[in-house]
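Content type mmCIF, C-alpha atoms and all ligand atoms, from the file upload-v7.cif:
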```
data_structure
loop_
_atom_site.label_atom_id
_atom_site.label_comp_id
_atom_site.auth_asym_id
_atom_site.auth_seq_id
_atom_site.Cartn_x
_atom_site.Cartn_y
_atom_site.Cartn_z
CA MET M 1 12.29 42.10 -15.68
CA SER M 2 12.33 43.20 -12.06
CA CYS M 3 11.16 40.91 -9.29
CA PRO M 4 8.18 42.31 -7.38
CA TYR M 5 9.38 40.75 -4.09
CA GLN M 6 12.95 42.01 -4.00
CA PRO M 7 14.66 45.39 -3.84
CA GLU M 8 15.97 46.49 -7.22
CA GLY M 9 19.62 46.02 -6.23
CA ALA M 10 19.28 42.42 -5.05
CA ASN M 11 17.36 41.49 -8.16
CA ALA M 12 19.96 43.02 -10.40
CA ILE M 13 22.71 40.90 -8.79
CA SER M 14 20.81 37.61 -9.03
CA THR M 15 19.72 38.31 -12.60
CA ALA M 16 23.28 38.99 -13.59
CA SER M 17 24.53 35.70 -12.14
CA ALA M 18 21.70 33.71 -13.78
CA THR M 19 22.55 35.24 -17.13
CA ALA M 20 26.18 34.38 -16.66
CA GLY M 21 25.17 30.80 -15.84
CA THR M 22 26.97 30.82 -12.47
CA ALA M 23 25.95 28.60 -9.60
CA GLY M 24 24.80 29.82 -6.20
CA THR M 25 21.68 31.76 -7.18
CA ALA M 26 19.16 29.20 -5.89
CA GLY M 27 16.48 30.77 -3.76
CA THR M 28 16.49 34.15 -5.50
CA ALA M 29 13.15 34.57 -7.18
CA GLY M 30 14.48 36.86 -9.88
CA SER M 31 16.91 34.26 -11.24
CA THR M 32 14.45 31.37 -11.27
CA GLU M 33 11.90 33.50 -13.10
CA GLN M 34 14.47 34.22 -15.75
CA ILE M 35 15.46 30.56 -16.01
CA VAL M 36 11.86 29.54 -16.57
CA ARG M 37 11.50 32.14 -19.31
CA GLN M 38 14.75 31.10 -20.98
CA GLU M 39 13.69 27.43 -20.91
CA GLY M 40 10.74 28.28 -23.08
CA ALA M 41 8.38 26.30 -20.86
CA GLN M 42 4.72 26.48 -21.76
CA LEU M 43 3.02 28.85 -19.35
CA ASP M 44 -0.40 29.42 -20.90
CA PHE M 45 -2.93 26.65 -20.33
CA SER M 46 -6.08 28.48 -21.29
CA LYS M 47 -6.49 26.11 -24.26
CA ASP M 48 -4.41 23.06 -23.31
CA MET M 49 -4.68 20.29 -20.76
CA SER M 50 -2.56 21.22 -17.74
CA TYR M 51 -1.02 19.10 -14.99
CA GLY M 52 -3.99 19.66 -12.69
CA ASP M 53 -6.46 18.83 -15.47
CA TYR M 54 -4.73 15.54 -16.29
CA LEU M 55 -4.59 14.45 -12.64
CA HIS M 56 -8.07 15.71 -11.77
CA LEU M 57 -6.52 17.56 -8.87
CA ASP M 58 -9.65 19.61 -8.32
CA GLN M 59 -11.42 16.42 -7.27
CA VAL M 60 -8.49 14.87 -5.40
CA LEU M 61 -7.60 18.02 -3.46
CA SER M 62 -11.16 18.93 -2.61
CA ALA M 63 -11.86 15.54 -1.03
CA GLN M 64 -10.48 16.47 2.42
CA HIS M 65 -13.36 17.42 4.71
CA PRO M 66 -12.35 17.61 8.37
CA LEU M 67 -15.33 17.17 10.66
CA SER M 68 -13.68 18.70 13.71
CA PRO M 69 -12.21 22.17 14.24
CA GLU M 70 -8.86 20.45 15.05
CA HIS M 71 -5.69 21.33 13.13
CA ASN M 72 -4.45 17.70 13.23
CA GLU M 73 -7.43 16.13 11.51
CA MET M 74 -5.96 17.06 8.12
CA LEU M 75 -2.97 14.78 8.82
CA PHE M 76 -5.32 11.94 9.74
CA ILE M 77 -7.34 12.36 6.54
CA VAL M 78 -4.40 12.79 4.17
CA GLN M 79 -2.58 9.81 5.69
CA HIS M 80 -5.57 7.55 5.10
CA GLN M 81 -6.34 8.90 1.65
CA THR M 82 -2.76 8.54 0.43
CA SER M 83 -2.67 5.00 1.82
CA GLU M 84 -5.84 4.22 -0.13
CA LEU M 85 -4.28 5.63 -3.31
CA TRP M 86 -1.21 3.41 -2.87
CA MET M 87 -3.53 0.47 -2.19
CA LYS M 88 -5.31 1.24 -5.43
CA LEU M 89 -2.01 0.90 -7.28
CA MET M 90 -1.17 -2.27 -5.36
CA LEU M 91 -4.43 -3.87 -6.44
CA HIS M 92 -3.85 -2.76 -10.02
CA GLU M 93 -0.40 -4.37 -10.01
CA MET M 94 -1.41 -7.50 -8.10
CA GLN M 95 -4.35 -8.24 -10.34
CA ALA M 96 -2.17 -7.97 -13.42
CA ALA M 97 0.57 -10.02 -11.73
CA VAL M 98 -1.90 -12.85 -11.04
CA GLU M 99 -3.11 -12.76 -14.65
CA LYS M 100 0.47 -12.94 -15.96
CA LEU M 101 1.19 -15.80 -13.58
CA ALA M 102 -1.84 -17.75 -14.80
CA ALA M 103 -0.62 -17.17 -18.38
CA ASP M 104 2.93 -18.39 -17.52
CA GLN M 105 4.38 -14.94 -18.16
CA LEU M 106 6.67 -14.86 -15.19
CA PRO M 107 9.11 -12.02 -15.91
CA GLU M 108 6.19 -9.60 -16.31
CA SER M 109 4.66 -10.89 -13.10
CA PHE M 110 7.95 -10.51 -11.19
CA LYS M 111 8.26 -6.90 -12.23
CA MET M 112 4.78 -6.09 -10.97
CA LEU M 113 5.28 -7.93 -7.70
CA ALA M 114 8.54 -6.09 -7.10
CA ARG M 115 6.60 -2.86 -7.48
CA VAL M 116 3.95 -4.06 -5.01
CA SER M 117 6.67 -4.75 -2.42
CA ARG M 118 8.16 -1.29 -2.93
CA ILE M 119 4.71 0.28 -2.47
CA MET M 120 4.31 -1.68 0.73
CA GLU M 121 7.68 -0.36 1.93
CA GLN M 122 6.53 3.15 1.08
CA LEU M 123 3.47 2.58 3.28
CA VAL M 124 5.71 1.29 6.08
CA HIS M 125 7.66 4.58 6.06
CA ALA M 126 4.44 6.57 5.94
CA TRP M 127 3.79 5.61 9.59
CA ASP M 128 6.59 8.01 10.58
CA VAL M 129 4.39 10.92 9.58
CA LEU M 130 1.35 9.68 11.49
CA ALA M 131 3.48 8.96 14.54
CA THR M 132 3.82 12.75 14.98
CA MET M 133 0.20 12.71 16.16
CA THR M 134 0.12 12.67 19.96
CA PRO M 135 -2.56 11.02 22.14
CA PRO M 136 -4.27 14.33 23.04
CA GLU M 137 -4.29 15.34 19.38
CA TYR M 138 -5.99 12.08 18.38
CA SER M 139 -8.39 12.16 21.35
CA ALA M 140 -9.61 15.55 20.19
CA ILE M 141 -10.69 14.18 16.81
CA ARG M 142 -11.73 10.69 17.98
CA PRO M 143 -15.40 11.66 18.74
CA TYR M 144 -15.81 12.92 15.17
CA LEU M 145 -14.73 9.59 13.64
CA SER M 146 -17.77 7.75 15.00
CA ASN M 147 -17.45 4.04 14.12
CA SER M 148 -15.36 4.50 10.98
CA SER M 149 -12.09 2.54 10.90
CA GLY M 150 -9.53 1.19 8.45
CA PHE M 151 -11.04 -2.16 9.42
CA GLN M 152 -13.78 -1.29 6.90
CA SER M 153 -11.36 -0.51 4.05
CA ALA M 154 -12.66 -2.41 1.01
CA GLN M 155 -9.36 -2.07 -0.82
CA TYR M 156 -7.36 -3.37 2.14
CA ARG M 157 -9.68 -6.37 2.44
CA ARG M 158 -9.26 -7.14 -1.26
CA ILE M 159 -5.48 -7.05 -0.79
CA GLU M 160 -5.70 -9.42 2.19
CA PHE M 161 -7.94 -11.76 0.21
CA MET M 162 -5.64 -11.66 -2.81
CA LEU M 163 -2.80 -12.60 -0.47
CA GLY M 164 -4.83 -15.59 0.79
CA ASN M 165 -6.07 -14.32 4.17
CA LYS M 166 -9.71 -15.13 3.38
CA ASN M 167 -12.29 -14.29 6.04
CA ALA M 168 -16.03 -14.38 5.31
CA ALA M 169 -16.82 -12.15 8.30
CA MET M 170 -15.02 -9.28 6.59
CA LEU M 171 -17.60 -9.17 3.78
CA LYS M 172 -20.23 -7.86 6.18
CA PRO M 173 -18.99 -4.25 6.54
CA HIS M 174 -19.60 -3.86 2.79
CA ALA M 175 -23.10 -5.39 2.68
CA HIS M 176 -24.68 -1.92 2.47
CA ARG M 177 -22.60 -1.08 -0.65
CA PRO M 178 -23.34 -3.63 -3.41
CA ASP M 179 -20.64 -2.16 -5.67
CA LEU M 180 -17.89 -2.56 -3.07
CA LEU M 181 -19.28 -5.87 -1.86
CA ALA M 182 -19.07 -7.28 -5.40
CA GLU M 183 -15.37 -6.34 -5.61
CA VAL M 184 -14.51 -7.75 -2.19
CA GLN M 185 -16.50 -10.92 -2.92
CA ALA M 186 -14.72 -11.41 -6.24
CA ALA M 187 -11.34 -11.36 -4.44
CA TRP M 188 -12.72 -13.72 -1.76
CA ARG M 189 -13.91 -16.27 -4.36
CA ALA M 190 -10.85 -16.15 -6.60
CA PRO M 191 -7.64 -18.14 -6.13
CA SER M 192 -5.06 -16.04 -4.30
CA LEU M 193 -1.63 -15.09 -5.57
CA TYR M 194 -0.22 -18.06 -3.66
CA ASP M 195 -2.89 -20.46 -4.99
CA GLU M 196 -1.97 -19.39 -8.53
CA THR M 197 1.70 -19.93 -7.74
CA LEU M 198 1.04 -23.50 -6.61
CA ARG M 199 -0.88 -24.15 -9.83
CA LEU M 200 2.04 -22.80 -11.81
CA MET M 201 4.41 -25.14 -9.97
CA ALA M 202 2.19 -28.10 -10.85
CA ARG M 203 2.17 -27.03 -14.53
CA ARG M 204 5.96 -27.02 -14.35
CA GLY M 205 5.99 -30.64 -13.22
CA ILE M 206 6.56 -30.11 -9.50
CA ARG M 207 4.48 -32.48 -7.36
CA VAL M 208 1.87 -30.32 -5.60
CA PRO M 209 -0.94 -32.01 -3.60
CA ALA M 210 -4.16 -32.19 -5.66
CA GLU M 211 -6.20 -30.60 -2.84
CA SER M 212 -4.04 -27.46 -3.13
CA LEU M 213 -4.77 -27.12 -6.84
CA GLU M 214 -8.55 -27.30 -6.78
CA ARG M 215 -10.36 -26.31 -3.62
CA ASP M 216 -12.91 -23.93 -2.18
CA TRP M 217 -10.94 -20.71 -2.67
CA THR M 218 -13.12 -18.83 -0.17
CA GLN M 219 -11.39 -20.76 2.62
CA PRO M 220 -8.18 -19.41 4.16
CA TYR M 221 -5.04 -21.16 3.01
CA GLN M 222 -3.89 -24.01 5.28
CA ALA M 223 -0.23 -25.05 5.42
CA HIS M 224 0.42 -28.46 3.84
CA GLU M 225 3.44 -30.74 4.20
CA GLY M 226 3.11 -31.67 0.52
CA VAL M 227 3.40 -28.02 -0.51
CA LYS M 228 6.48 -27.61 1.65
CA ALA M 229 8.00 -30.64 -0.07
CA ALA M 230 7.20 -29.04 -3.44
CA TRP M 231 8.95 -25.79 -2.49
CA LEU M 232 11.90 -27.73 -1.08
CA GLU M 233 12.32 -29.37 -4.46
CA VAL M 234 12.61 -25.87 -5.98
CA TYR M 235 14.87 -24.40 -3.30
CA ARG M 236 17.21 -27.40 -3.25
CA GLN M 237 17.85 -27.05 -6.97
CA PRO M 238 17.48 -23.36 -7.77
CA GLN M 239 19.33 -23.65 -11.07
CA ALA M 240 16.84 -26.23 -12.34
CA HIS M 241 13.79 -24.17 -11.34
CA TRP M 242 15.13 -20.63 -11.45
CA ASP M 243 11.93 -18.74 -12.14
CA LEU M 244 9.95 -20.66 -9.51
CA TYR M 245 12.77 -19.96 -7.08
CA GLN M 246 12.58 -16.28 -7.99
CA MET M 247 8.81 -16.39 -7.56
CA GLY M 248 9.25 -17.83 -4.07
CA GLU M 249 11.56 -14.98 -3.15
CA GLU M 250 9.22 -12.34 -4.63
CA LEU M 251 6.48 -13.71 -2.36
CA VAL M 252 8.74 -13.68 0.70
CA ASP M 253 9.72 -10.10 -0.12
CA LEU M 254 6.07 -9.13 -0.26
CA GLU M 255 5.12 -10.86 2.97
CA ASP M 256 8.18 -9.40 4.68
CA ALA M 257 7.07 -5.86 3.73
CA PHE M 258 3.47 -6.62 4.71
CA ARG M 259 4.58 -7.85 8.13
CA LEU M 260 6.46 -4.58 8.65
CA TRP M 261 3.36 -2.61 7.71
CA ARG M 262 1.23 -4.54 10.23
CA PHE M 263 3.91 -4.07 12.88
CA ARG M 264 4.24 -0.32 12.35
CA HIS M 265 0.44 -0.01 12.38
CA VAL M 266 0.09 -1.73 15.74
CA THR M 267 2.99 0.19 17.35
CA THR M 268 1.67 3.50 16.01
CA VAL M 269 -1.80 2.64 17.30
CA GLU M 270 -0.39 1.73 20.74
CA ARG M 271 1.57 4.99 20.77
CA VAL M 272 -1.50 7.05 19.90
CA ILE M 273 -4.44 5.32 21.67
CA GLY M 274 -2.75 2.88 24.07
CA PHE M 275 -5.08 -0.03 24.85
CA LYS M 276 -8.35 1.76 24.19
CA ARG M 277 -10.90 0.03 21.94
CA GLY M 278 -10.81 0.80 18.22
CA THR M 279 -13.38 2.94 16.45
CA GLY M 280 -14.24 -0.22 14.47
CA GLY M 281 -15.28 -1.95 17.70
CA THR M 282 -12.39 -4.39 18.20
CA SER M 283 -10.15 -4.53 21.26
CA GLY M 284 -7.71 -2.33 19.28
CA VAL M 285 -4.06 -3.21 19.89
CA GLY M 286 -5.13 -6.71 21.05
CA TYR M 287 -6.84 -7.38 17.72
CA LEU M 288 -3.99 -5.95 15.67
CA ARG M 289 -1.44 -8.05 17.58
CA LYS M 290 -3.40 -11.20 16.71
CA MET M 291 -3.19 -10.20 13.05
CA LEU M 292 0.62 -10.15 13.36
CA ASP M 293 0.46 -13.93 13.69
CA VAL M 294 -1.19 -14.43 10.29
CA VAL M 295 1.27 -16.14 7.94
CA LEU M 296 0.41 -15.73 4.28
CA PHE M 297 2.84 -18.10 2.58
CA PRO M 298 3.63 -20.55 5.38
CA GLU M 299 5.70 -23.13 3.49
CA LEU M 300 8.03 -20.48 2.12
CA TRP M 301 8.98 -19.57 5.68
CA ALA M 302 8.96 -23.12 7.05
CA LEU M 303 11.33 -24.48 4.42
CA ARG M 304 14.14 -22.17 5.52
CA THR M 305 14.76 -24.25 8.63
CA GLU M 306 15.46 -27.26 6.43
CA LEU M 307 17.89 -25.74 3.99
C1 LIG R 401 -3.88 7.24 14.63
C2 LIG R 401 -4.15 6.53 13.60
C3 LIG R 401 -4.75 5.15 13.63
C4 LIG R 401 -5.33 4.48 14.65
C5 LIG R 401 -5.52 4.94 16.09
C6 LIG R 401 -5.77 3.22 14.13
C7 LIG R 401 -6.40 2.25 14.88
C8 LIG R 401 -6.85 1.05 14.39
C9 LIG R 401 -7.49 0.03 15.17
C10 LIG R 401 -7.73 0.11 16.67
C11 LIG R 401 -7.82 -0.98 14.34
C12 LIG R 401 -8.57 -2.26 14.70
C13 LIG R 401 -10.00 -2.18 14.22
C14 LIG R 401 -10.82 -1.22 15.06
O1 LIG R 401 -11.38 -1.64 16.07
O2 LIG R 401 -10.92 -0.04 14.67
C15 LIG R 401 -7.39 -0.61 13.02
C16 LIG R 401 -7.53 -1.38 11.90
C17 LIG R 401 -7.09 -1.03 10.67
N1 LIG R 401 -6.48 0.16 10.31
FE1 LIG R 401 -5.88 1.60 11.56
N2 LIG R 401 -5.42 3.12 12.82
C18 LIG R 401 -4.81 4.28 12.47
C19 LIG R 401 -4.33 4.62 11.22
C20 LIG R 401 -4.49 3.86 10.10
C21 LIG R 401 -4.04 4.24 8.78
C22 LIG R 401 -3.29 5.51 8.41
C23 LIG R 401 -4.40 3.26 7.95
C24 LIG R 401 -4.15 3.24 6.49
C25 LIG R 401 -5.07 2.95 5.62
C26 LIG R 401 -5.08 2.24 8.73
C27 LIG R 401 -5.61 1.09 8.24
C28 LIG R 401 -6.20 0.11 8.99
C29 LIG R 401 -6.64 -1.16 8.45
C30 LIG R 401 -6.52 -1.61 7.01
C31 LIG R 401 -7.18 -1.88 9.50
C32 LIG R 401 -7.72 -3.30 9.45
C33 LIG R 401 -6.60 -4.26 9.85
C34 LIG R 401 -7.01 -5.71 9.87
O3 LIG R 401 -8.20 -6.03 9.85
O4 LIG R 401 -6.10 -6.56 9.96
N3 LIG R 401 -5.08 2.64 10.03
N4 LIG R 401 -6.77 0.63 13.08
#
```

Would you write the structure of this file as structure tokens?
Amino acid sequence: MSCPYQPEGANAISTASATAGTAGTAGTAGSTEQIVRQEGAQLDFSKDMSYGDYLHLDQVLSAQHPLSPEHNEMLFIVQHQTSELWMKLMLHEMQAAVEKLAADQLPESFKMLARVSRIMEQLVHAWDVLATMTPPEYSAIRPYLSNSSGFQSAQYRRIEFMLGNKNAAMLKPHAHRPDLLAEVQAAWRAPSLYDETLRLMARRGIRVPAESLERDWTQPYQAHEGVKAAWLEVYRQPQAHWDLYQMGEELVDLEDAFRLWRFRHVTTVERVIGFKRGTGGTSGVGYLRKMLDVVLFPELWALRTEL
């Protein structure tokens, strides 16, 4: 069959090489059309579920509604939406990982946590795309954003809470949405990934301070010398406590990736808006720099000095 986009001669050459199975025909529409036909791929979806149907792409791809006439707003929207999709998967994996941990199913939990760290790394690299937005490009869309900010991301707050960075003030932005508030509150009230890890260590016979095993989980985690001693017991004899040792390293991996994400966020923000205030009302870079100091699993970092 002739290709509608190519002169007859060119098509004849590429068709001949595709038929002969020779390499070097990539990029010629005639040959790829023939390959698809030879493969016997299904091409009629009038009665079957297609790719787009399965993924609900009509909904996903019609959810980008720039408010400004600016070309660059699409980047801003897609970057945030894709981040939220990855966060959705992170929450899915983290919730299951915590459940597996509580049920002493460590290998399953490790696998999920490894995936969470890789997602976080993916989000770290995603800043490279946003960094192509220049200050004048952002300033042109800034008035259209009003007071909306990632600061109000319900999924991000649930991730922070699941990682132990509890903060009652961060419930407030969701007060007007009972459905989201309920989800954020549930993460705020529940033991974090780290709290569950300490409980696991106690079940395994490691001495963990009682106040770390039963406490008001809505309070942010406070470093404890007794918890450091417990981790030191594990790290000084890895062979005797291999899975707890592996768990410790999974957590460090995760916090490491999370720190990189925070760092790339603040440097990208400085690059794009300098020291202007954020749309969410904070000082902007000043606020984000303070967040760089938050340590999620303090004893796991502190113990390294003593090994
Ligand atoms: C040019 C792009 C961006 C700028 C200028 C920016 C700026 C800021 C600023 C200034 C804050 C502090 C809160 C405020 O006052 O608004 C913030 C917080 C936040 N942003 Fe961004 N941001 C950008 C892109 C993103 C992207 C792509 C995400 C991905 C979801 C994101 C997620 C967040 C989150 C989760 C917070 C809360 C951090 C925390 O409370 O520790 N931001 N952003």

Mind listing the residues within 9 Å of ligand LIG 401 (chain R), only C-alpha atoms and all ligand atoms counted, as an mmCIF file with C-alpha atoms, in the frame of the given file?
```
data_model
loop_
_atom_site.group_PDB
_atom_site.id
_atom_site.type_symbol
_atom_site.label_atom_id
_atom_site.label_comp_id
_atom_site.auth_asym_id
_atom_site.auth_seq_id
_atom_site.Cartn_x
_atom_site.Cartn_y
_atom_site.Cartn_z
ATOM 1 C CA PHE M 76 -5.320 11.940 9.740
ATOM 2 C CA ILE M 77 -7.340 12.360 6.540
ATOM 3 C CA VAL M 78 -4.400 12.790 4.170
ATOM 4 C CA GLN M 79 -2.580 9.810 5.690
ATOM 5 C CA HIS M 80 -5.570 7.550 5.100
ATOM 6 C CA GLN M 81 -6.340 8.900 1.650
ATOM 7 C CA THR M 82 -2.760 8.540 0.430
ATOM 8 C CA SER M 83 -2.670 5.000 1.820
ATOM 9 C CA GLU M 84 -5.840 4.220 -0.130
ATOM 10 C CA MET M 87 -3.530 0.470 -2.190
ATOM 11 C CA LEU M 123 3.470 2.580 3.280
ATOM 12 C CA ALA M 126 4.440 6.570 5.940
ATOM 13 C CA TRP M 127 3.790 5.610 9.590
ATOM 14 C CA LEU M 130 1.350 9.680 11.490
ATOM 15 C CA ALA M 131 3.480 8.960 14.540
ATOM 16 C CA MET M 133 0.200 12.710 16.160
ATOM 17 C CA THR M 134 0.120 12.670 19.960
ATOM 18 C CA PRO M 135 -2.560 11.020 22.140
ATOM 19 C CA TYR M 138 -5.990 12.080 18.380
ATOM 20 C CA ARG M 142 -11.730 10.690 17.980
ATOM 21 C CA ASN M 147 -17.450 4.040 14.120
ATOM 22 C CA SER M 148 -15.360 4.500 10.980
ATOM 23 C CA SER M 149 -12.090 2.540 10.900
ATOM 24 C CA GLY M 150 -9.530 1.190 8.450
ATOM 25 C CA PHE M 151 -11.040 -2.160 9.420
ATOM 26 C CA GLN M 152 -13.780 -1.290 6.900
ATOM 27 C CA SER M 153 -11.360 -0.510 4.050
ATOM 28 C CA ALA M 154 -12.660 -2.410 1.010
ATOM 29 C CA GLN M 155 -9.360 -2.070 -0.820
ATOM 30 C CA TYR M 156 -7.360 -3.370 2.140
ATOM 31 C CA ARG M 157 -9.680 -6.370 2.440
ATOM 32 C CA GLU M 160 -5.700 -9.420 2.190
ATOM 33 C CA MET M 170 -15.020 -9.280 6.590
ATOM 34 C CA ARG M 262 1.230 -4.540 10.230
ATOM 35 C CA HIS M 265 0.440 -0.010 12.380
ATOM 36 C CA VAL M 266 0.090 -1.730 15.740
ATOM 37 C CA THR M 268 1.670 3.500 16.010
ATOM 38 C CA VAL M 269 -1.800 2.640 17.300
ATOM 39 C CA GLU M 270 -0.390 1.730 20.740
ATOM 40 C CA ARG M 271 1.570 4.990 20.770
ATOM 41 C CA VAL M 272 -1.500 7.050 19.900
ATOM 42 C CA ILE M 273 -4.440 5.320 21.670
ATOM 43 C CA GLY M 274 -2.750 2.880 24.070
ATOM 44 C CA PHE M 275 -5.080 -0.030 24.850
ATOM 45 C CA LYS M 276 -8.350 1.760 24.190
ATOM 46 C CA ARG M 277 -10.900 0.030 21.940
ATOM 47 C CA GLY M 278 -10.810 0.800 18.220
ATOM 48 C CA THR M 279 -13.380 2.940 16.450
ATOM 49 C CA GLY M 280 -14.240 -0.220 14.470
ATOM 50 C CA GLY M 281 -15.280 -1.950 17.700
ATOM 51 C CA THR M 282 -12.390 -4.390 18.200
ATOM 52 C CA SER M 283 -10.150 -4.530 21.260
ATOM 53 C CA GLY M 284 -7.710 -2.330 19.280
ATOM 54 C CA VAL M 285 -4.060 -3.210 19.890
ATOM 55 C CA GLY M 286 -5.130 -6.710 21.050
ATOM 56 C CA TYR M 287 -6.840 -7.380 17.720
ATOM 57 C CA LEU M 288 -3.990 -5.950 15.670
ATOM 58 C CA LYS M 290 -3.400 -11.200 16.710
ATOM 59 C CA MET M 291 -3.190 -10.200 13.050
ATOM 60 C CA LEU M 292 0.620 -10.150 13.360
#
```

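With distances restricted to all atoms listed in the file, M:Leu296 is the closest residue to Tyr221 of chain M from M:Ala97, M:Leu180, M:Leu193, M:Leu296.
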
Original post:
Quick one, how far is atom CA of Glu211 of chain M from atom CA of Leu198 of chain M?
Top reply: 10.8 Å

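Of the listed residues M:Leu106, M:Ala182, M:Val227, M:Val116, the one whose atoms come nearest to Glu255 of chain M is M:Val116, with distances taken using only C-alpha atoms.
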
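Our summary of the geometry notes that atom CA of Gln222 of chain M is positioned 9.8 Å from atom CA of Val295 of chain M.
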
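You will find atom CA of Leu171 of chain M at 27.6 Å from atom CA of Asp253 of chain M.
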
Original post:
Near Glu121 of chain M, counting all atoms listed in the file, which residues have an atom at most 10 Å away, once you skip same-chain residues fewer than 2 positions from it, shown as an MDAnalysis selection string?
Top reply: chainID M and resid 115:119 123:126 254 256:258 260:261

How would segment 37-57 of chain M look written as a compact mmCIF listing (two decimals), in the first residue's frame with N, CA and C atoms?
```txt
# COMPACT_ATOMS: atom_id res chain seq x y z
N ARG M 37 1.07 -3.77 10.17
CA ARG M 37 0.12 -4.70 9.54
C ARG M 37 0.61 -6.14 9.64
N GLN M 38 1.91 -6.33 9.41
CA GLN M 38 2.45 -7.70 9.48
C GLN M 38 2.36 -8.27 10.90
N GLU M 39 2.49 -7.40 11.90
CA GLU M 39 2.45 -7.86 13.30
C GLU M 39 1.07 -8.39 13.68
N GLY M 40 0.09 -8.00 12.92
CA GLY M 40 -1.26 -8.46 13.24
C GLY M 40 -1.85 -7.77 14.47
N ALA M 41 -1.34 -6.59 14.77
CA ALA M 41 -1.85 -5.86 15.94
C ALA M 41 -3.32 -5.53 15.76
N GLN M 42 -4.04 -5.52 16.88
CA GLN M 42 -5.45 -5.14 16.80
C GLN M 42 -5.56 -3.65 16.55
N LEU M 43 -6.34 -3.28 15.55
CA LEU M 43 -6.44 -1.87 15.18
C LEU M 43 -7.87 -1.33 15.28
N ASP M 44 -8.81 -2.22 15.48
CA ASP M 44 -10.21 -1.78 15.55
C ASP M 44 -10.70 -1.88 17.00
N PHE M 45 -11.03 -0.75 17.58
CA PHE M 45 -11.49 -0.73 18.97
C PHE M 45 -12.93 -0.24 19.10
N SER M 46 -13.69 -0.43 18.03
CA SER M 46 -15.08 0.02 18.10
C SER M 46 -15.88 -0.81 19.09
N LYS M 47 -15.40 -2.05 19.38
CA LYS M 47 -16.16 -2.90 20.31
C LYS M 47 -15.37 -3.31 21.55
N ASP M 48 -14.07 -3.00 21.56
CA ASP M 48 -13.21 -3.43 22.66
C ASP M 48 -12.70 -2.25 23.48
N MET M 49 -12.27 -2.56 24.69
CA MET M 49 -11.65 -1.53 25.53
C MET M 49 -10.27 -1.19 24.95
N SER M 50 -10.03 0.07 24.72
CA SER M 50 -8.72 0.49 24.19
C SER M 50 -7.85 1.01 25.33
N TYR M 51 -6.63 1.35 24.98
CA TYR M 51 -5.66 1.95 25.91
C TYR M 51 -6.26 3.18 26.62
N GLY M 52 -6.79 4.08 25.82
CA GLY M 52 -7.35 5.31 26.37
C GLY M 52 -8.55 5.05 27.27
N ASP M 53 -9.34 4.02 26.90
CA ASP M 53 -10.51 3.68 27.74
C ASP M 53 -10.02 3.20 29.10
N TYR M 54 -9.07 2.26 29.07
CA TYR M 54 -8.58 1.66 30.32
C TYR M 54 -8.03 2.72 31.27
N LEU M 55 -7.26 3.67 30.69
CA LEU M 55 -6.59 4.68 31.52
C LEU M 55 -7.44 5.93 31.76
N HIS M 56 -8.64 5.93 31.24
CA HIS M 56 -9.53 7.10 31.39
C HIS M 56 -8.81 8.37 30.94
N LEU M 57 -8.15 8.25 29.80
CA LEU M 57 -7.36 9.39 29.33
C LEU M 57 -8.21 10.60 28.96
```
